[in-house]
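Enquirer: Quick one, query-v6.cif (mmCIF, C-alpha atoms and all ligand atoms):
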data_run
loop_
_atom_site.label_atom_id
_atom_site.label_comp_id
_atom_site.auth_asym_id
_atom_site.auth_seq_id
_atom_site.Cartn_x
_atom_site.Cartn_y
_atom_site.Cartn_z
CA MET C 4 25.34 12.48 -3.38
CA VAL C 5 21.71 13.56 -3.80
CA LYS C 6 20.40 15.99 -6.38
CA VAL C 7 17.97 18.88 -5.93
CA SER C 8 14.94 18.77 -8.21
CA ARG C 9 13.02 21.76 -6.88
CA VAL C 10 13.64 24.76 -4.64
CA ALA C 11 10.72 26.36 -2.81
CA GLU C 12 10.26 30.05 -3.47
CA GLY C 13 11.33 32.28 -0.59
CA SER C 14 12.91 29.34 1.27
CA ILE C 15 16.31 29.11 2.94
CA ALA C 16 17.54 27.13 -0.08
CA ALA C 17 16.39 29.86 -2.48
CA GLU C 18 18.14 32.55 -0.41
CA LEU C 19 21.33 30.49 -0.52
CA GLY C 20 21.12 30.33 -4.31
CA LEU C 21 20.41 26.61 -4.64
CA SER C 22 18.77 25.63 -7.90
CA PRO C 23 17.43 22.45 -9.50
CA GLY C 24 20.36 20.24 -10.50
CA THR C 25 22.52 21.23 -7.50
CA GLU C 26 24.30 18.24 -6.01
CA LEU C 27 24.35 17.94 -2.21
CA HIS C 28 27.44 16.01 -1.16
CA SER C 29 27.68 16.12 2.62
CA VAL C 30 26.19 17.52 5.81
CA ASN C 31 28.54 18.31 8.71
CA GLY C 32 31.21 16.18 7.06
CA ARG C 33 29.00 13.13 6.56
CA ALA C 34 28.53 11.98 2.99
CA LEU C 35 24.99 11.84 1.62
CA ALA C 36 24.10 8.56 -0.05
CA ASP C 37 20.37 9.14 -0.45
CA PHE C 38 17.28 11.03 0.70
CA LEU C 39 17.35 9.36 4.11
CA ASP C 40 20.80 10.75 4.88
CA TRP C 41 19.65 14.20 3.81
CA GLU C 42 16.45 14.00 5.83
CA PHE C 43 18.12 12.88 9.04
CA LEU C 44 21.48 14.67 8.84
CA SER C 45 19.93 17.99 7.85
CA ALA C 46 17.48 17.90 10.75
CA ASP C 47 19.79 19.97 13.02
CA ASP C 48 19.32 23.73 13.17
CA GLU C 49 23.00 24.47 12.45
CA ILE C 50 24.52 22.57 9.56
CA VAL C 51 27.29 22.93 6.99
CA VAL C 52 26.45 21.53 3.57
CA LEU C 53 28.98 20.85 0.83
CA ALA C 54 27.34 21.17 -2.56
CA ARG C 55 28.11 21.62 -6.24
CA ASP C 56 25.93 23.82 -8.42
CA PRO C 57 24.89 22.78 -11.96
CA SER C 58 27.84 24.73 -13.45
CA GLY C 59 30.26 22.63 -11.35
CA THR C 60 31.10 25.29 -8.75
CA GLU C 61 31.73 23.89 -5.26
CA MET C 62 29.73 25.56 -2.48
CA GLU C 63 30.02 25.47 1.30
CA LEU C 64 26.71 26.48 2.79
CA GLU C 65 26.30 27.37 6.43
CA ILE C 66 22.68 26.98 7.34
CA SER C 67 21.30 28.30 10.56
CA ARG C 68 17.57 28.22 11.13
CA SER C 69 15.02 28.37 13.82
CA ASP C 70 13.29 25.28 15.02
CA GLY C 71 11.54 23.32 12.31
CA GLU C 72 11.90 25.85 9.46
CA PRO C 73 12.14 23.77 6.27
CA ILE C 74 15.22 24.24 4.10
CA GLY C 75 13.02 24.13 1.03
CA VAL C 76 14.58 21.59 -1.32
CA THR C 77 12.91 18.65 -3.01
CA LEU C 78 15.27 15.89 -4.08
CA GLU C 79 15.23 13.87 -7.25
CA PRO C 80 13.45 10.52 -6.71
CA PRO C 81 15.77 7.87 -5.27
CA ASN C 82 16.99 4.83 -7.15
CA VAL C 83 14.70 2.18 -5.80
CA ARG C 84 16.32 -0.94 -4.37
CA ARG C 85 15.36 -3.85 -6.56
CA CYS C 86 14.09 -7.14 -5.23
CA ALA C 87 16.44 -10.12 -5.28
CA ASN C 88 13.67 -12.68 -4.77
CA ARG C 89 11.51 -14.41 -7.30
CA CYS C 90 8.35 -15.35 -5.44
CA GLU C 91 6.05 -17.56 -7.47
CA PHE C 92 3.10 -15.46 -6.35
CA CYS C 93 4.71 -12.11 -7.20
CA PHE C 94 1.96 -9.83 -8.45
CA ILE C 95 4.41 -7.98 -10.67
CA GLU C 96 5.41 -11.22 -12.38
CA GLY C 97 1.68 -11.67 -12.95
CA LEU C 98 1.25 -8.41 -14.83
CA PRO C 99 0.39 -8.60 -18.51
CA GLN C 100 2.89 -7.36 -21.09
CA GLY C 101 2.74 -3.86 -22.47
CA LEU C 102 2.00 -1.77 -19.36
CA ARG C 103 4.08 1.32 -18.55
CA ARG C 104 7.60 0.44 -17.48
CA ASN C 105 7.53 1.60 -13.89
CA LEU C 106 4.74 -0.86 -13.07
CA TYR C 107 7.23 -3.70 -13.58
CA ILE C 108 9.69 -2.44 -10.97
CA ARG C 109 9.96 -4.99 -8.18
CA ASP C 110 11.04 -2.81 -5.29
CA ASP C 111 12.23 -4.28 -2.02
CA ASP C 112 13.42 -1.20 -0.21
CA TYR C 113 13.47 -0.72 3.55
CA ARG C 114 13.70 3.04 3.00
CA LEU C 115 10.35 3.06 1.17
CA SER C 116 8.99 0.73 3.82
CA PHE C 117 9.67 3.38 6.45
CA THR C 118 8.72 6.37 4.31
CA TYR C 119 5.64 5.12 2.47
CA GLY C 120 4.63 1.87 4.18
CA ASN C 121 5.70 -0.33 1.23
CA PHE C 122 6.31 -3.90 2.32
CA ALA C 123 9.93 -5.09 2.17
CA THR C 124 11.33 -8.57 2.78
CA LEU C 125 14.67 -7.27 4.18
CA SER C 126 16.38 -10.01 2.14
CA ASN C 127 18.66 -7.48 0.41
CA VAL C 128 19.57 -5.61 3.61
CA LYS C 129 23.29 -5.40 4.38
CA GLU C 130 25.06 -4.65 7.66
CA ARG C 131 25.37 -0.97 6.69
CA ASP C 132 21.59 -0.83 6.17
CA ILE C 133 20.96 -2.37 9.58
CA GLN C 134 23.18 0.30 11.09
CA ARG C 135 21.23 3.02 9.32
CA ILE C 136 17.86 1.61 10.37
CA LEU C 137 19.08 1.63 13.96
CA GLU C 138 20.79 5.02 13.83
CA TYR C 139 17.90 6.79 12.12
CA ARG C 140 15.35 4.76 14.05
CA LEU C 141 13.40 3.83 10.94
CA SER C 142 10.35 2.58 12.75
CA PRO C 143 7.87 1.12 12.15
CA LEU C 144 8.93 -0.93 9.14
CA TYR C 145 6.46 -2.92 7.05
CA VAL C 146 7.91 -6.39 6.58
CA SER C 147 6.84 -9.21 4.28
CA VAL C 148 7.67 -12.15 6.52
CA HIS C 149 5.57 -14.83 4.81
CA ALA C 150 7.16 -17.49 7.05
CA THR C 151 9.63 -17.32 9.89
CA ASN C 152 10.71 -20.89 9.22
CA TRP C 153 13.94 -20.28 7.30
CA GLU C 154 13.61 -23.19 4.89
CA ALA C 155 9.98 -22.40 4.11
CA ARG C 156 10.87 -18.76 3.55
CA LYS C 157 13.59 -19.66 1.06
CA VAL C 158 11.01 -21.60 -0.91
CA LEU C 159 8.38 -18.87 -0.70
CA LEU C 160 10.77 -16.13 -1.78
CA ASN C 161 12.34 -18.52 -4.29
CA ASN C 162 15.73 -17.35 -3.08
CA PRO C 163 18.19 -19.70 -1.31
CA ARG C 164 20.21 -16.76 0.02
CA VAL C 165 17.55 -15.03 2.13
CA PRO C 166 18.77 -14.23 5.63
CA ASP C 167 17.05 -15.59 8.72
CA ILE C 168 14.19 -13.15 9.24
CA VAL C 169 13.83 -13.98 12.95
CA ALA C 170 17.47 -13.05 13.55
CA GLN C 171 17.04 -9.84 11.54
CA LEU C 172 13.86 -8.78 13.31
CA SER C 173 15.30 -9.68 16.73
CA ARG C 174 18.36 -7.55 16.17
CA LEU C 175 16.35 -4.58 14.97
CA ALA C 176 13.84 -5.04 17.80
CA GLU C 177 16.67 -4.87 20.33
CA GLY C 178 17.45 -1.47 18.86
CA GLY C 179 13.87 -0.31 19.40
CA ILE C 180 12.54 -0.85 15.86
CA GLN C 181 8.92 -1.98 15.48
CA PHE C 182 7.19 -3.77 12.64
CA HIS C 183 3.94 -4.32 10.87
CA CYS C 184 4.29 -7.79 9.35
CA GLN C 185 2.43 -9.63 6.66
CA MET C 186 2.21 -13.24 5.60
CA VAL C 187 1.00 -13.88 2.07
CA VAL C 188 -0.28 -17.42 2.43
CA VAL C 189 0.14 -20.05 -0.27
CA PRO C 190 -2.01 -23.12 0.48
CA GLY C 191 0.13 -26.08 1.47
CA LEU C 192 3.31 -24.01 1.81
CA ASN C 193 3.04 -21.55 4.67
CA ASP C 194 -0.35 -22.25 6.21
CA GLY C 195 -0.99 -24.80 8.99
CA ALA C 196 2.04 -25.57 11.16
CA ILE C 197 4.31 -23.11 9.30
CA LEU C 198 1.86 -20.27 9.92
CA GLU C 199 1.57 -21.31 13.56
CA GLU C 200 5.35 -21.18 13.87
CA SER C 201 5.41 -17.76 12.18
CA LEU C 202 2.77 -16.34 14.50
CA SER C 203 4.50 -17.78 17.51
CA ASP C 204 7.91 -16.37 16.51
CA LEU C 205 6.45 -12.95 15.79
CA TRP C 206 4.47 -12.97 19.04
CA ASN C 207 7.66 -13.80 20.92
CA LEU C 208 9.24 -10.60 19.61
CA GLY C 209 6.90 -8.82 22.01
CA ASP C 210 5.90 -5.21 21.42
CA ALA C 211 8.24 -5.01 18.45
CA VAL C 212 5.60 -6.61 16.24
CA ILE C 213 2.73 -4.15 16.31
CA SER C 214 0.51 -6.08 13.92
CA ALA C 215 0.55 -9.18 11.75
CA ALA C 216 -1.60 -9.57 8.65
CA VAL C 217 -2.58 -12.70 6.81
CA VAL C 218 -3.33 -12.24 3.13
CA PRO C 219 -4.34 -14.96 0.67
CA VAL C 220 -2.14 -15.43 -2.37
CA GLY C 221 -3.49 -13.30 -5.23
CA LEU C 222 -2.94 -14.53 -8.75
CA THR C 223 -3.71 -13.12 -12.15
CA GLN C 224 -4.13 -15.09 -15.36
CA PHE C 225 -0.48 -14.19 -16.11
CA SER C 226 1.07 -15.54 -12.89
CA HIS C 227 3.34 -17.80 -14.92
CA LEU C 228 5.75 -18.69 -12.10
CA TYR C 229 3.11 -20.04 -9.76
CA SER C 230 3.10 -23.81 -9.37
CA GLY C 231 0.83 -24.12 -6.34
CA ARG C 232 -2.93 -24.18 -6.17
CA PRO C 233 -5.13 -21.13 -5.65
CA MET C 234 -6.65 -20.52 -2.25
CA GLY C 235 -10.18 -21.87 -1.96
CA GLU C 236 -12.99 -21.31 0.50
CA PRO C 237 -12.01 -24.15 2.89
CA ASP C 238 -8.39 -22.89 3.03
CA ALA C 239 -9.58 -19.39 3.79
CA ARG C 240 -11.95 -20.62 6.53
CA ARG C 241 -9.20 -22.68 8.12
CA LEU C 242 -6.91 -19.66 8.17
CA ILE C 243 -9.48 -17.44 9.82
CA GLU C 244 -10.12 -20.15 12.42
CA GLN C 245 -6.39 -20.42 13.01
CA LEU C 246 -6.05 -16.67 13.61
CA SER C 247 -8.90 -16.48 16.08
CA PRO C 248 -7.05 -17.83 19.18
CA TRP C 249 -4.12 -15.52 18.44
CA ALA C 250 -6.41 -12.51 18.22
CA SER C 251 -8.04 -13.52 21.54
CA LYS C 252 -4.63 -13.93 23.14
CA GLY C 253 -3.65 -10.51 21.79
CA ARG C 254 -6.73 -8.84 23.26
CA ARG C 255 -6.23 -10.62 26.57
CA GLU C 256 -2.53 -10.01 27.00
CA ARG C 257 -1.74 -6.96 24.86
CA ARG C 258 -5.05 -5.20 24.37
CA THR C 259 -4.85 -5.54 20.61
CA SER C 260 -6.24 -8.15 18.23
CA TRP C 261 -2.69 -8.14 16.85
CA VAL C 262 -3.30 -10.48 13.92
CA PHE C 263 -5.72 -9.55 11.16
CA GLY C 264 -7.04 -11.44 8.16
CA SER C 265 -7.34 -9.36 5.00
CA ASP C 266 -10.75 -8.44 3.65
CA GLU C 267 -10.10 -10.74 0.72
CA LEU C 268 -9.56 -13.65 3.08
CA TYR C 269 -13.00 -13.14 4.64
CA LEU C 270 -14.60 -12.73 1.21
CA LEU C 271 -12.96 -15.94 0.00
CA ALA C 272 -14.12 -17.74 3.12
CA GLY C 273 -17.66 -16.47 2.60
CA LEU C 274 -17.67 -15.06 6.14
CA SER C 275 -18.93 -11.69 7.38
CA LEU C 276 -16.29 -9.05 7.70
CA PRO C 277 -15.61 -7.74 11.20
CA ASP C 278 -16.77 -4.21 12.01
CA ALA C 279 -14.53 -1.15 12.25
CA ARG C 280 -13.70 -1.63 15.95
CA HIS C 281 -11.92 -4.88 15.15
CA TYR C 282 -9.33 -3.04 13.05
CA GLU C 283 -8.37 -0.62 15.84
CA ASP C 284 -6.28 2.10 14.15
CA PHE C 285 -6.44 0.49 10.68
CA ALA C 286 -2.66 0.16 10.67
CA GLN C 287 -2.64 -2.04 7.56
CA ILE C 288 -5.50 -0.47 5.61
CA GLU C 289 -3.24 -0.03 2.55
CA ASN C 290 -2.76 -3.78 2.65
CA GLY C 291 -6.50 -4.42 2.30
CA ILE C 292 -6.99 -5.03 6.02
CA GLY C 293 -10.25 -3.38 7.07
CA ALA C 294 -10.97 -1.43 3.87
CA VAL C 295 -14.59 -2.61 3.76
CA ALA C 296 -15.13 -1.78 7.44
CA MET C 297 -13.68 1.66 6.88
CA LEU C 298 -15.95 2.24 3.88
CA ARG C 299 -18.98 1.21 5.93
CA GLU C 300 -17.87 3.55 8.68
CA ARG C 301 -17.41 6.47 6.29
CA VAL C 302 -20.83 5.91 4.75
CA ALA C 303 -22.43 5.72 8.20
CA ARG C 304 -20.75 8.99 9.19
CA SER C 305 -21.50 10.91 6.02
CA VAL C 306 -24.92 9.68 4.93
CA SER C 307 -26.87 12.26 6.91
CA SER C 308 -25.05 15.10 5.16
CA LEU C 309 -25.96 13.95 1.64
CA PRO C 310 -28.33 16.15 -0.35
CA ASP C 311 -31.73 15.32 -1.78
CA LEU C 312 -31.04 13.47 -5.03
CA ARG C 313 -34.58 12.38 -5.91
CA GLY C 314 -35.05 11.70 -9.59
CA SER C 315 -31.40 10.75 -10.13
CA ARG C 316 -30.24 7.40 -11.35
CA ILE C 317 -26.65 6.81 -10.31
CA GLY C 318 -24.42 4.04 -11.67
CA VAL C 319 -21.82 2.59 -9.31
CA VAL C 320 -19.01 0.66 -10.97
CA THR C 321 -17.26 -1.98 -8.89
CA GLY C 322 -15.42 -5.31 -9.12
CA LYS C 323 -16.88 -8.69 -8.26
CA ALA C 324 -15.31 -8.72 -4.78
CA MET C 325 -17.60 -5.92 -3.58
CA ALA C 326 -20.70 -6.97 -5.50
CA ALA C 327 -22.37 -8.66 -2.54
CA LEU C 328 -21.43 -5.94 -0.04
CA MET C 329 -22.44 -2.87 -2.01
CA PRO C 330 -26.27 -3.20 -1.94
CA GLU C 331 -26.37 -2.71 1.83
CA LEU C 332 -24.42 0.55 1.50
CA LEU C 333 -26.30 1.80 -1.54
CA ASP C 334 -29.67 1.06 0.06
CA ARG C 335 -28.68 3.22 2.96
CA ILE C 336 -27.68 6.10 0.70
CA ALA C 337 -30.80 5.64 -1.45
CA THR C 338 -33.04 5.86 1.62
CA ARG C 339 -31.42 9.11 2.63
CA THR C 340 -31.16 10.80 -0.78
CA GLY C 341 -34.05 9.34 -2.74
CA ALA C 342 -31.69 8.51 -5.62
CA GLU C 343 -31.90 5.24 -7.46
CA PHE C 344 -28.64 3.28 -7.68
CA ASP C 345 -27.59 0.85 -10.35
CA LEU C 346 -24.71 -1.41 -9.30
CA ILE C 347 -22.51 -2.20 -12.30
CA VAL C 348 -20.22 -5.16 -11.58
CA VAL C 349 -17.34 -5.33 -14.02
CA GLU C 350 -14.90 -8.13 -14.79
CA ASN C 351 -11.24 -7.18 -15.05
CA SER C 352 -10.25 -7.47 -18.69
CA LEU C 353 -6.56 -6.87 -18.08
CA PHE C 354 -5.77 -9.27 -15.24
CA GLY C 355 -8.52 -11.79 -15.84
CA PRO C 356 -11.50 -12.96 -13.79
CA THR C 357 -9.46 -14.00 -10.73
CA ILE C 358 -8.71 -10.35 -9.94
CA THR C 359 -11.96 -9.02 -8.53
CA THR C 360 -10.75 -5.95 -6.62
CA ALA C 361 -12.49 -2.76 -7.72
CA GLY C 362 -9.27 -0.74 -7.42
CA LEU C 363 -7.57 -2.78 -10.15
CA LEU C 364 -10.21 -2.18 -12.82
CA VAL C 365 -8.75 -0.42 -15.83
CA GLY C 366 -9.92 2.35 -18.14
CA ALA C 367 -11.05 -0.09 -20.82
CA ASP C 368 -13.30 -1.90 -18.33
CA ILE C 369 -14.97 1.33 -17.27
CA ARG C 370 -15.39 2.44 -20.86
CA ARG C 371 -17.04 -0.88 -21.72
CA ALA C 372 -19.34 -0.67 -18.70
CA LEU C 373 -20.52 2.90 -19.27
CA ALA C 374 -20.27 3.59 -23.00
CA THR C 375 -23.97 3.01 -23.66
CA ARG C 376 -25.37 4.01 -20.27
CA ASP C 377 -27.04 7.27 -21.22
CA ASP C 378 -29.94 6.16 -19.03
CA LEU C 379 -27.87 7.19 -15.99
CA THR C 380 -27.65 10.67 -14.49
CA LEU C 381 -24.04 10.07 -13.56
CA ALA C 382 -21.67 7.24 -12.63
CA LEU C 383 -19.24 6.75 -9.78
CA ILE C 384 -16.07 4.77 -10.38
CA PRO C 385 -13.53 3.56 -7.78
CA ALA C 386 -11.09 6.42 -7.18
CA GLU C 387 -8.29 3.92 -6.50
CA THR C 388 -8.29 2.99 -10.20
CA ILE C 389 -6.63 6.30 -11.10
CA ASN C 390 -3.12 7.33 -10.09
CA GLU C 391 -1.97 10.80 -9.05
CA ASP C 392 -1.35 11.65 -12.73
CA GLY C 393 -4.95 10.85 -13.61
CA VAL C 394 -4.09 7.64 -15.48
CA PHE C 395 -5.55 4.13 -15.18
CA LEU C 396 -3.30 1.04 -15.08
CA ASP C 397 -3.84 0.52 -18.82
CA ASP C 398 -2.62 4.06 -19.55
CA VAL C 399 -6.09 5.38 -20.39
CA ARG C 400 -6.32 8.96 -19.15
CA PHE C 401 -9.30 9.70 -16.93
CA ASP C 402 -9.90 13.04 -18.65
CA ASP C 403 -10.05 11.38 -22.07
CA LEU C 404 -12.40 8.69 -20.81
CA ARG C 405 -14.66 11.26 -19.18
CA ASN C 406 -14.93 13.16 -22.45
CA GLU C 407 -15.85 9.99 -24.34
CA LEU C 408 -18.64 8.80 -22.06
CA PRO C 409 -22.24 9.96 -22.48
CA ILE C 410 -22.73 10.81 -18.78
CA PRO C 411 -20.72 12.62 -16.08
CA VAL C 412 -18.31 10.26 -14.29
CA HIS C 413 -16.82 10.91 -10.86
CA PRO C 414 -14.05 8.97 -9.10
CA SER C 415 -15.19 8.23 -5.57
CA TYR C 416 -13.76 6.64 -2.43
CA ASP C 417 -16.87 6.63 -0.31
CA PHE C 418 -19.87 8.04 -2.32
CA ALA C 419 -20.15 11.11 -0.07
CA ASP C 420 -17.00 12.61 -1.60
CA ALA C 421 -18.71 12.65 -4.99
CA LEU C 422 -22.37 13.12 -4.07
CA ALA C 423 -22.18 15.75 -1.35
CA GLY C 424 -21.72 18.48 -3.94
CA GLU C 425 -24.47 17.27 -6.26
CA PRO C 426 -27.75 18.77 -5.03
CA GLY C 427 -30.48 19.04 -7.63
CA LEU C 428 -29.44 16.11 -9.81
CA VAL C 429 -32.26 15.16 -12.13
CA ALA C 430 -33.05 12.09 -14.14
CA ALA C 431 -31.33 11.81 -17.51
S1 LIG E 501 9.50 -10.01 -2.68
FE1 LIG E 501 8.48 -11.47 -4.01
S2 LIG E 501 6.45 -10.57 -4.28
FE2 LIG E 501 7.76 -8.93 -3.54
S3 LIG E 501 8.54 -7.93 -5.38
FE3 LIG E 501 10.03 -9.48 -4.79
S4 LIG E 501 9.47 -11.28 -6.00
FE4 LIG E 501 7.71 -9.90 -6.03
#
Would it be possible to restate this file's structure as C-alpha cells?
Ligand code: SF4
Expert:
Amino acid sequence: MVKVSRVAEGSIAAELGLSPGTELHSVNGRALADFLDWEFLSADDEIVVLARDPSGTEMELEISRSDGEPIGVTLEPPNVRRCANRCEFCFIEGLPQGLRRNLYIRDDDYRLSFTYGNFATLSNVKERDIQRILEYRLSPLYVSVHATNWEARKVLLNNPRVPDIVAQLSRLAEGGIQFHCQMVVVPGLNDGAILEESLSDLWNLGDAVISAAVVPVGLTQFSHLYSGRPMGEPDARRLIEQLSPWASKGRRERRTSWVFGSDELYLLAGLSLPDARHYEDFAQIENGIGAVAMLRERVARSVSSLPDLRGSRIGVVTGKAMAALMPELLDRIATRTGAEFDLIVVENSLFGPTITTAGLLVGADIRRALATRDDLTLALIPAETINEDGVFLDDVRFDDLRNELPIPVHPSYDFADALAGEPGLVAA
C-alpha cells in the first residue's frame, strides 16, 4: 500500500475525489508495495485502482487518460531501505553527535539509486528486488562496488554476508541493466592488485558498466570505526597512474575514458585536474567527479555576461580544497567586472580539518568568517552548504544567518548566478 500526500488541483485524481491520506492498494489487480510499483504500474492509459479513502471507504477507480496526462498524486515519502553494512569509512558513522536525525540514516536502497542517483551496495537486495529491477528496467543504477574481490568486499563493507557483486551485476547486466560504479579506496585494502581486479571485472561486464569512479576514503575527526591509514599524496598519485591505462583502453576500444578519478583524488595527489572534455557527460558529477572542471566551464561561459562591478569588494567563502584553484577563476571574473575579490578560506569546525570540501561548511563557520567583515560589499557562500529547506548541516537557518551578518550574503554555485543581477554595486 502507498499513501497519497498531495493531490494536484484540477488533476484526474482531484476529479476522482482522491485526497491526502487516501491509501492506494492495487493497480490492475497488482498490489502496490511502494512508489516504484505505483510509478510503473500506473503508467498505462487505462487502469483500475483499488483505494481506501481516509474515512475507510473502499474505492474502485477506473482511470482512462490520454497519453502522458499525469494522474496528479504525490505519495508520502517511502520508508528508506537501511544499510546492513558497517564500513569503517562510512561518512555517516563519522558524523558528530547532535545533528538532525535524518542525517544519520544510512540508506542502501536500489530504488533511490535509480530514482535519485544515490549509491547502493546491493548487499540487501533479495530475489524479489532483482525481479523488480529487471521487470521495471531500473537502469542505470549507481553501485558502490568498492572491490569485486568477494573477500576484500566483505572486509570493506564490514559484513560477512554480502553477496558476490560480480554475480549480481552479471545477472542484472544480462537483463539489460547498466551501472555507474564507484570504488571508495582505502589504502592497503582495495588499491593495487585488488583495484586492478575490480577494474578488470567491471570492464569485462562490457557496456553494462557505463562508468567507474575512484574516490579516496574521506574521514572526519569522528570516524571512530576506521582502523586504516588516511590516503596520502603518494597513494593518490599511484591510483591516478593506475587508472591511466584503463582510461586509454576505454578511449581506444569504447570511445569513453570509462574510469574517472574524483576531484579530491587529484587534489590529494597535487596534480592538475583534467579539463571538462575529460568528463564527457559528467555522469558522476554528484560524486565529485569533474565538479571543478564544470565550475571552470561555467565561469568561462558566463564571464562575458557579468556586469560592471567596479568599486565592489566581494568576499568568496570556500573550504581548503578549493583554496588553490579559486584565484584563477576569481582573477578572470575580476578582469571582466573590475570588482576586487577577497578569498576567505574557512576550516570546517564541525567535521574537523580533514574535511576541506566547501559544500560541507556549516552555518557556524560562515558566521565566524563573515561576522566582522563590514569592509566587504557582499559575500558569496557555497550554495551546496544549504539544503532545500534553507538550512545548513548544523541546523542554522540561512535566513537567520543573513539577518545577523553585516553585509549581504548570497549562496552561489558559479559566481554568475549571484553576480549577474548585481549591476551598480559600490564599495562598502
Ligand atoms: S554501505 Fe557503508 S558507507 Fe554506505 S551507508 Fe552503509 S555503512 Fe555507510
Enquirer: Near region 330-338 of chain C, counting all atoms listed in the file, which residues have an atom at most 12 Å away, once you skip same-chain residues fewer than 6 positions from it, shown as JSON, numbers by chain?
Expert: {"C": [295, 296, 298, 299, 300, 301, 302, 303, 304, 305, 306, 307, 308, 309, 310, 311, 312, 313, 314, 315, 316, 317, 318, 319, 320, 321, 344, 345, 346, 347, 348, 383, 417, 418, 419, 422, 423]}
Enquirer: Could you check which of C:Gly366, C:Gly24, C:Gly32, C:Gly273 is closest to Leu404 (chain C), using all atoms listed in the file?
Expert: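 The answer is C:Gly366, which sits nearest to Leu404 (chain C).
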Enquirer: Any residue with an atom at most 7 Å from ligand LIG 501 (chain E) counts, using all atoms listed in the file. Which are they? Put them as a ChimeraX atom specification.
Expert: /C:86-90,92-96,109-111,123-124,160
Enquirer: Which residues are close to Arg156 (chain C), i.e. within 9 Å by all atoms listed in the file, leaving aside same-chain residues fewer than 6 positions away? Reply as JSON, numbers by chain.
Expert: {"C": [148, 149, 150, 162, 163, 165, 167, 168, 193]}
Enquirer: Taking all atoms of region 94-99 of chain C that appear in the file, build a box with edges along x, y and z, extend it by 3 Å on every side, and state its centre and edge lengths in Å to one decimal, as AutoDock Vina command-line options.
Expert:
--center_x 2.9 --center_y -9.8 --center_z -13.5 --size_x 11.0 --size_y 9.7 --size_z 16.1
Enquirer: Under the rule that all atoms listed in the file are counted, which of C:Asn121, C:Ser45, C:Thr375, C:Asn390 is the nearest residue to Leu363 (chain C)?
Expert: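 Smallest distance to Leu363 (chain C) is found for C:Asn390.
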Enquirer: Between C:Ile15, C:Leu192, C:Leu44, C:Val30, which is the closest to Val158 (chain C) once you count all atoms listed in the file?
Expert: C:Leu192
Enquirer: Measuring between all atoms listed in the file, which one of C:Glu200, C:Glu49, C:Asp284, C:Glu79 shows the shortest distance to Thr259 (chain C)?
Expert: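 Under the stated criterion, the closest residue is C:Asp284.
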Enquirer: When you count all atoms listed in the file, which of these residues is closest to Asn161 (chain C): C:Glu283, C:Glu42, C:Asp70, C:Glu91?
Expert: C:Glu91
Enquirer: Residues at most 9 Å from region 359-361 of chain C, counting all atoms listed in the file, excluding those fewer than 2 positions away in the same chain, as a list in words?
Expert: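 Result of the neighbour search: Glu267, Val320, Thr321, Gly322, Lys323, Ala324, Met325, Val348, Val349, Glu350, Asn351, Gly355, Pro356, Thr357, Leu363, Leu364, Ile384, Pro385, Glu387 and Thr388 of chain C.
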Enquirer: Env of region 238-246 of chain C: 7 Å cut, atoms = all atoms listed in the file, seq-sep filter 2 positions within chain, self excluded. Answer as JSON, numbers by chain.
Expert: {"C": [190, 234, 235, 236, 248, 249, 250, 262, 264, 268, 271, 272]}
Enquirer: What's the 7 Å shell around region 185-187 of chain C, counting all atoms listed in the file, without same-chain residues fewer than 2 positions away, as JSON, numbers by chain?
Expert: {"C": [146, 147, 148, 149, 150, 183, 189, 215, 216, 217, 218, 219, 220]}
Enquirer: May I ask which of the residues C:Glu289, C:Ala176, C:Gln181, C:Arg68 is the closest one to Gly120 (chain C), counting all atoms listed in the file?
Expert: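 Selected residue with least distance to Gly120 (chain C): C:Glu289.
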Enquirer: So what do you get for CA of Ile292 (chain C) versus CA of Ser201 (chain C), distance-wise?
Expert: 18.8 Å
Enquirer: CA of Asp266 (chain C) and CA of His281 (chain C), how far apart in Å?
Expert: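 Straight-line distance from CA of His281 (chain C) to CA of Asp266 (chain C) works out to 12.1 Å.
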Enquirer: Could you please give me, as a PyMOL selection string, the residues of protein, DNA or RNA lying at most 12 Å from (24.2, 13.8, 2.8) in the coordinate frame of the file, considering all atoms listed in the file?
Expert: chain C and resi 4-7+26-46+50-54+78
